[in-house]
Structure formats: structure tokens, C-alpha cells
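*Asks:* One structure, pasted below without further comment.
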Amino acid sequence: APSGRADLPAPPFDLAAIDATPDWRRGLAWPRAHPDSARLAEAVQGAVVAALARLPAGEARDIGVMMGGYVAATLLPLAEAAWLAVAERETGIRLAGAAPELEWLRGGLDAPPPRRGGRSLKRHAPPRWPLPRRIARTASWTPWPRLPLALLRPQAVALSHNALLIDVARRSGVRLGFVHGETLLPRGEEAPAALPEPARIAAEAVAAAALDATALPAEMRERLAVLVQDQCAWFAGAAVRDLARLRDARLPRHLWAGSGGYWPVRAVSLEVLRRGGTVTRFDHGGGTGLNRNRNTWALTDLAVSSRFFVATDSLARRVSASGAPALLAPASGTAVAGGAGDPHVAQVPVARAGSGARNRRTGLYGPGPLVGFRQVVPALLPDPVALDWQLRLVAALKALPVDLICRPHPEGLLRGRRHPVADLVPPAAEPFEALVARADVFVFDYVQSTTFYVALCTDRPIVLLQMGPSSYDGEVAEAIARRCRIVPVRFDDANLPQVDPAALEEAVCGGPDTADPAFFRAEILGEAR
């Protein structure tokens with residue numbers, strides 16, 4: 001044990017280890033600094049995108065694009081686990097209850113553990129009462145007089161939906177029908193016994209690029225390669241299987257859909273594009289065009305779309321100027337279009353409910369989800385570090401002269417469970433959007449959520465606790481600096497996030513009661529500045 005840790009519990013690796021260790025926060029430490037993990041996640045994701053872009057057009061490219069986002073998502077935690085194993089040796093901080101992947105990377109297993117990632121390919125169960133659901137979906141964007149024709153002779157067919165798709169459909173006049181996307185992909189579990197050549201090329205290219213991006217020591221890279229190569233080959237096999245099933249399927253020529261991250265809809269989209277059809281896809285919030293995560297945009301949506309709608313023309317110009325549409329563009333290219341504003345954000349009032357002076361501000365903070373053996377870009381804190389941080393931050397906010405509303409994220413590993421912040425403040429049950437009108441100041445520690453962009457479009461101050469690399473650059477970074485009260489978060493010798501109490505109090509309790517949301521309302525809602 002490192003100096004001073006002999007009498008302390010081993011830090012937990014995950015939520016299961018937290019549950020098994022009542023005093024898990026005593027002497028909590030993490031072997032690796034979060035900013036390093038954030039840079040690693042960006043590097044691996046970027047390497048996957050670059051490898052896919054180099055694949056030859058045709059079957060290898062289709063297989064690579066089909067599996068690309070899923071492979072990237074599953075390789076990020078593997079790469080992080082490899083560096084955790086290295087850091088454990090260097091720091092002497094050994095995590096308890098570690099995932100089998102980490103144990104393999106430590107050298108503690110004779111055989112690699114079973115791969116993960118299959119859940120992301122699972123399809124929803126066939127919908128009950130499919131015809132009534134189909135009619136209801138079609139009616140959500142179709143006037144009643146036109147509904148029969150939209151159902152019987154649609155000009156395009158939606159396979160999924162979101163708020164922006166519904167809004168554009170209502171305004172477009174297109175006869176848009178609806179079919180549950182998973183029903184178009186024939187079922188079956190068989191996969192090729194051996195990868196055909198195009199799939200092998202795609203799997204090997206992605207695995208090699210991701211491994212290079214980790215910059216690991218040679219011995220650790222070799223152990224990680226076993227996991228990475230197996231993961232890539234498995235996803236490539238699944239892509240071969242499902243794309244082949246669609247070759248003779250009867251499919252619409254023109255598709256509309258929400259996220260490109262749902263496996264059956266993604267497969268159908270690629271086959272429609274291969275046949276020369278069109279796929280119009282719609283953004284689902286979270287900063288597309290504003291943040292600098294262009295690799296995420298390309299992997300998730302742009303690579304499987306011939307046209308991609310964002311909320312406004314201004315955001316469309318930003319996405320186009322970023323170069324993201326060309327990174328993994330289908331053969332016909334990906335055009336980017338703007339809608340009439342984000343309909344979800346438009347429902348939230350700009351001003352606080354009520355009027356008049358208040359002696360105390362009401363602060364709204366939403367702790368993020370715990371996600372287990374997963375990672376995203378921008379990177380999330382490890383679950384034990386994140387939960388400890390949330391508890392400390394809620395305690396610090398509660399000690400300020402503010403009325404605190406705490407709304408934990410409804411998803412993640414704590415879904416359906418009591419969140420530990422309930423020991424400090426009763427969590428609000430209402431959705432975040434329903435709480436916005438009561439807030440005088442917002443506190444955010446992670447920006448990759450729709451709630452952050454909702455808050456940007458209000459006239460209340462936002463306290464942004466900045467940890468790790470910024471998600472913005474250029475003009476948008478300057479606008480974020482004007483709009484938000486940015487408080488830097490440092491990482492201490494135990495690699496735990498810390499914020500200066502005086503800076504936090506000044507940001508939450510001091511300064512003007514209002515802020516100017518004009519830049520972001522113009523970008524997200526299309527209002528004139």
C-alpha cells in the first residue's frame with residue numbers, strides 16, 4: 001500500500017464496490033487524473049473516425065460505418081482501464097471490485113473475459129398494437145384530412161421520431177408515414193463463422209488505429225489488443241450479418257429518423273443509402289454545432305444521413321463549416337439544414353416565474369448519471385469520483401445562503417434507486433424543464449446534456465464548474481465565457497475534483513440576477529439578436 005493508505009479501504013472501482021464498502025469515501029483516491037482520461041477518450045474516438053474515413057468505399061466502408069459508433073463507445077472504457085492498470089502500478093492505489101477487463105489488464109487472469117457491448121445491439125420488443133401506434137405517430141405531424149393518404153401512400157417514412165422531426169414534418173407538407181424501424185430488420189442470431197475480407201479490413205483498421213491512439217507501454221498494449229481486436233471483430237460480424245439481411249428486404253426509398261445510434265435503424269439507413277435512396281435525420285439536442293465534438297456528430301448521425309437537420313440555419317452553417325459532414329459522408333454527401341428552432345427548448349420560459357425582489361436565490365443543480373463500465377466524449381468522471389463529488393458539491397451548495405433544488409439525472413445505474421444526495425437534500429421529482437421557472441441560478445458541472453442548452457436560453461445566471469478540457473472553441477467559447485460564470489475545478493493529489501469555496505459562493509450568490517441569453521437564443525431558437 002502507498003504511504004498513509006495501509007489503514008484505509010481500497011477505493012471502489014464501481015457502484016457494486018461502493019455498495020459493498022460502507023466507508024468507501026474514507027481516504028478515497030483514484031489512480032489517474034480525469035483530464036488525462038478526457039484527452040484519451042478524444043484521441044481514441046478521433047482515431048476510430050480517421051480509420052473509418054480511410055476505408056475503401058463500398059462494403060468495407062459500410063461495415064465500418066455500421067459498427068463505428070458502437071466500437072468507439074466500447075473501446076473508450078477498455079483504453080481507460082488499460083491506463084488505470086498502469087496508474088495502479090505507478091501510484092500503488094489499487095481499486096477494489098474491479099471489472100474483469102481491468103483484472104485481465106493487470107495480468108490477474110489466465111484468459112480474457114467475455115466481451116461486452118451486446119446490449120447496444122439489442123432491439124426493442126415488437127410493439128404491441130402496431131397499427132394504432134403507427135396511426136398515432138403519423139397523426140402527430142399530419143393534419144387529420146391528410147392522414148389517410150399519409151398512411152396509405154406516404155412520400156417518405158419515418159422510422160423513429162423526436163421533437164425536431166415532428167416540427168419539421170408539420171411545416172414541410174411532406175406526406176410522412178411511420179413504421180417502427182426494428183420491424184424492417186429481419187430477425188436471426190446467426191453470424192458469419194469467419195469474417196469476410198471487407199469486414200476483416202474494417203475491424204483490423206479500427207483496432208490498430210485505436211490501439212495506436214492509446215500510446216500505452218508495449219506490454220500493456222499487447223494485453224489491451226486482445227480485448228480490442230475481439231471487440232472490433234465481433235461488431236464487424238454483427239454488421240455483416242444485419243446488412244446482408246437487408247439486401248433483399250422491401251424498404252422505403254426515402255427515410256426520416258431521429259438518432260442514428262439505434263442499431264436496426266442505422267442498418268436500414270445504410271441499405272437505403274446504398275440503393276440510392278435518401279435518409280433525412282434530425283438532431284436530438286445536446287449542443288450539435290455549438291460544441292467541438294465533430295467526431296461524435298459524424299459517427300452518430302452524419303455518416304448515415306444524406307440530409308441532417310439541426311434546430312436553426314445558424315447551427316447548420318456551423319456544422320457545415322466544421323468539416324464534420326465530410327468526415328464519414330455517404331457517397332451522395334451529407335447536406336445540413338436548419339429548422340425553425342428547437343421545439344423542446346422553445347417550451348421553456350426565458351424568465352423566472354413571479355416577480356419582485358427575493359432575499360435568497362434558488363439554485364438548481366442536476367447531478368449527472370452513474371454509467372458503470374462506459375465512457376463518452378467529453379469524458380465522464382469515474383462513478384466513485386463522480387458520486388463523491390456530487391455529495392461534496394451538494395453539501396457545499398446547501399451551506400450557502402440559497403434555497404437548493406437538486407434534480408439527479410433520471411437515467412443511469414441509480415435509476416429507480418434512492419440517490420445518496422437524498423441524505424443531504426430531498427431530490428426533486430419533477431423534470432428539469434419543469435423546475436427551470438423556479439430557479440434564480442443554475443449550477444452545471446457537465447455540458448453534454450440538453451438541460452445545459454435549455455438553461456443557456458433563459459435569462460438566469462449559470463455557474464459552470466469547468467473540469468477537464470473545454471467543450472467549446474472560437475466564437476462559441478467566447479459566448480460561453482460571457483454567458484456563464486466559469487469556476488475552474490482543480491484535481492488534488494488524490495485525483496479528486498476540488499472547487500474553491502469562496503469562488504463558488506461568489507458565483508452562486510453574487511453578481512447580477514440576470515444574464516443575456518441572446519447569443520444562444522439566436523443559435524438554438526432562431527431569434528434575431
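Going through the C-alpha cells in order, the chains are called A, B, and so on, while each chain numbers its residues from 1 and the ligands are numbered from 1 in the order shown.
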Residues of range 318-435 of chain A classed as strand (DSSP E or B) by DSSP on the backbone are to be reported as a PDB file with C-alpha atoms, in the first residue's frame.
*Replies:*
```pdb
ATOM      1  CA  ALA A 335     -26.295  18.134 -46.596  1.00  0.00           C
ATOM      2  CA  VAL A 336     -27.047  20.062 -43.392  1.00  0.00           C
ATOM      3  CA  ALA A 337     -30.281  22.031 -42.994  1.00  0.00           C
ATOM      4  CA  GLY A 338     -31.816  24.191 -40.293  1.00  0.00           C
ATOM      5  CA  ARG A 361     -31.696  32.880  -4.594  1.00  0.00           C
ATOM      6  CA  THR A 362     -32.995  29.476  -5.563  1.00  0.00           C
ATOM      7  CA  GLY A 363     -30.239  27.347  -7.080  1.00  0.00           C
ATOM      8  CA  LEU A 364     -30.852  24.372  -9.374  1.00  0.00           C
ATOM      9  CA  TYR A 365     -28.208  21.623  -9.697  1.00  0.00           C
ATOM     10  CA  VAL A 402     -29.505  29.751  -1.282  1.00  0.00           C
ATOM     11  CA  ASP A 403     -32.556  27.534  -1.497  1.00  0.00           C
ATOM     12  CA  LEU A 404     -31.196  24.460  -3.274  1.00  0.00           C
ATOM     13  CA  ILE A 405     -33.188  22.330  -5.725  1.00  0.00           C
ATOM     14  CA  CYS A 406     -31.382  19.108  -6.568  1.00  0.00           C
TER      15      CYS A 406
END
```
*Asks:* Between CA of Ala351 in chain A and CA of Ala439 in chain A, what is the distance in Å, rounded to a tenth?
*Replies:*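 Going from CA of Ala351 in chain A over to CA of Ala439 in chain A covers 9.5 Å.
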*Asks:* Which residues, written as a count of residues only, have at least one atom at most 9 Å from Ile135 in chain A, with only C-alpha atoms counted and residues fewer than 6 positions away on the same chain left out?
*Replies:* 4
*Asks:* Work out how far CA of Val310 in chain A is from CA of Leu273 in chain A, in Å to one decimal.
*Replies:*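 Rounded to one decimal, the two atoms are 20.2 Å apart.
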*Asks:* Just the residues within 7 Å of Arg438 in chain A, please, counting only C-alpha atoms, with nothing from its chain fewer than 3 positions along; format it as a JSON list (two decimals) with N, CA and C atoms, in the first residue's frame.
*Replies:*
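Below you can see selection_28.json, which holds the result:
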```json
[["chain", "number", "residue", "atom", "x", "y", "z"],
["A", 352, "ARG", "N", -37.83, 33.92, -15.07],
["A", 352, "ARG", "CA", -38.25, 33.21, -13.86],
["A", 352, "ARG", "C", -39.73, 33.48, -13.60],
["A", 353, "ALA", "N", -40.42, 32.50, -13.05],
["A", 353, "ALA", "CA", -41.81, 32.71, -12.67],
["A", 353, "ALA", "C", -41.89, 33.69, -11.51],
["A", 435, "LEU", "N", -38.68, 22.60, -13.55],
["A", 435, "LEU", "CA", -38.09, 23.31, -12.41],
["A", 435, "LEU", "C", -37.42, 24.61, -12.82]]
```
*Asks:* Neighbours of Met467 in chain A within 9 Å (only C-alpha atoms; same-chain residues fewer than 3 positions away dropped), as a ChimeraX atom specification?
*Replies:* /A:34-35,445-446,470,487-491,497
*Asks:* Taking into account only C-alpha atoms, which residue in the set A:Val206, A:Leu464, A:Leu496, A:Ala329 is nearest to Ala481 in chain A?
*Replies:* A:Leu464
*Asks:* Residues within 10 Å of Ala422 in chain A, please, as a ChimeraX atom specification. Count only C-alpha atoms; anything in the same chain fewer than 3 positions from it doesn't count.
*Replies:* /A:391,394,406,408,418-419,425-428
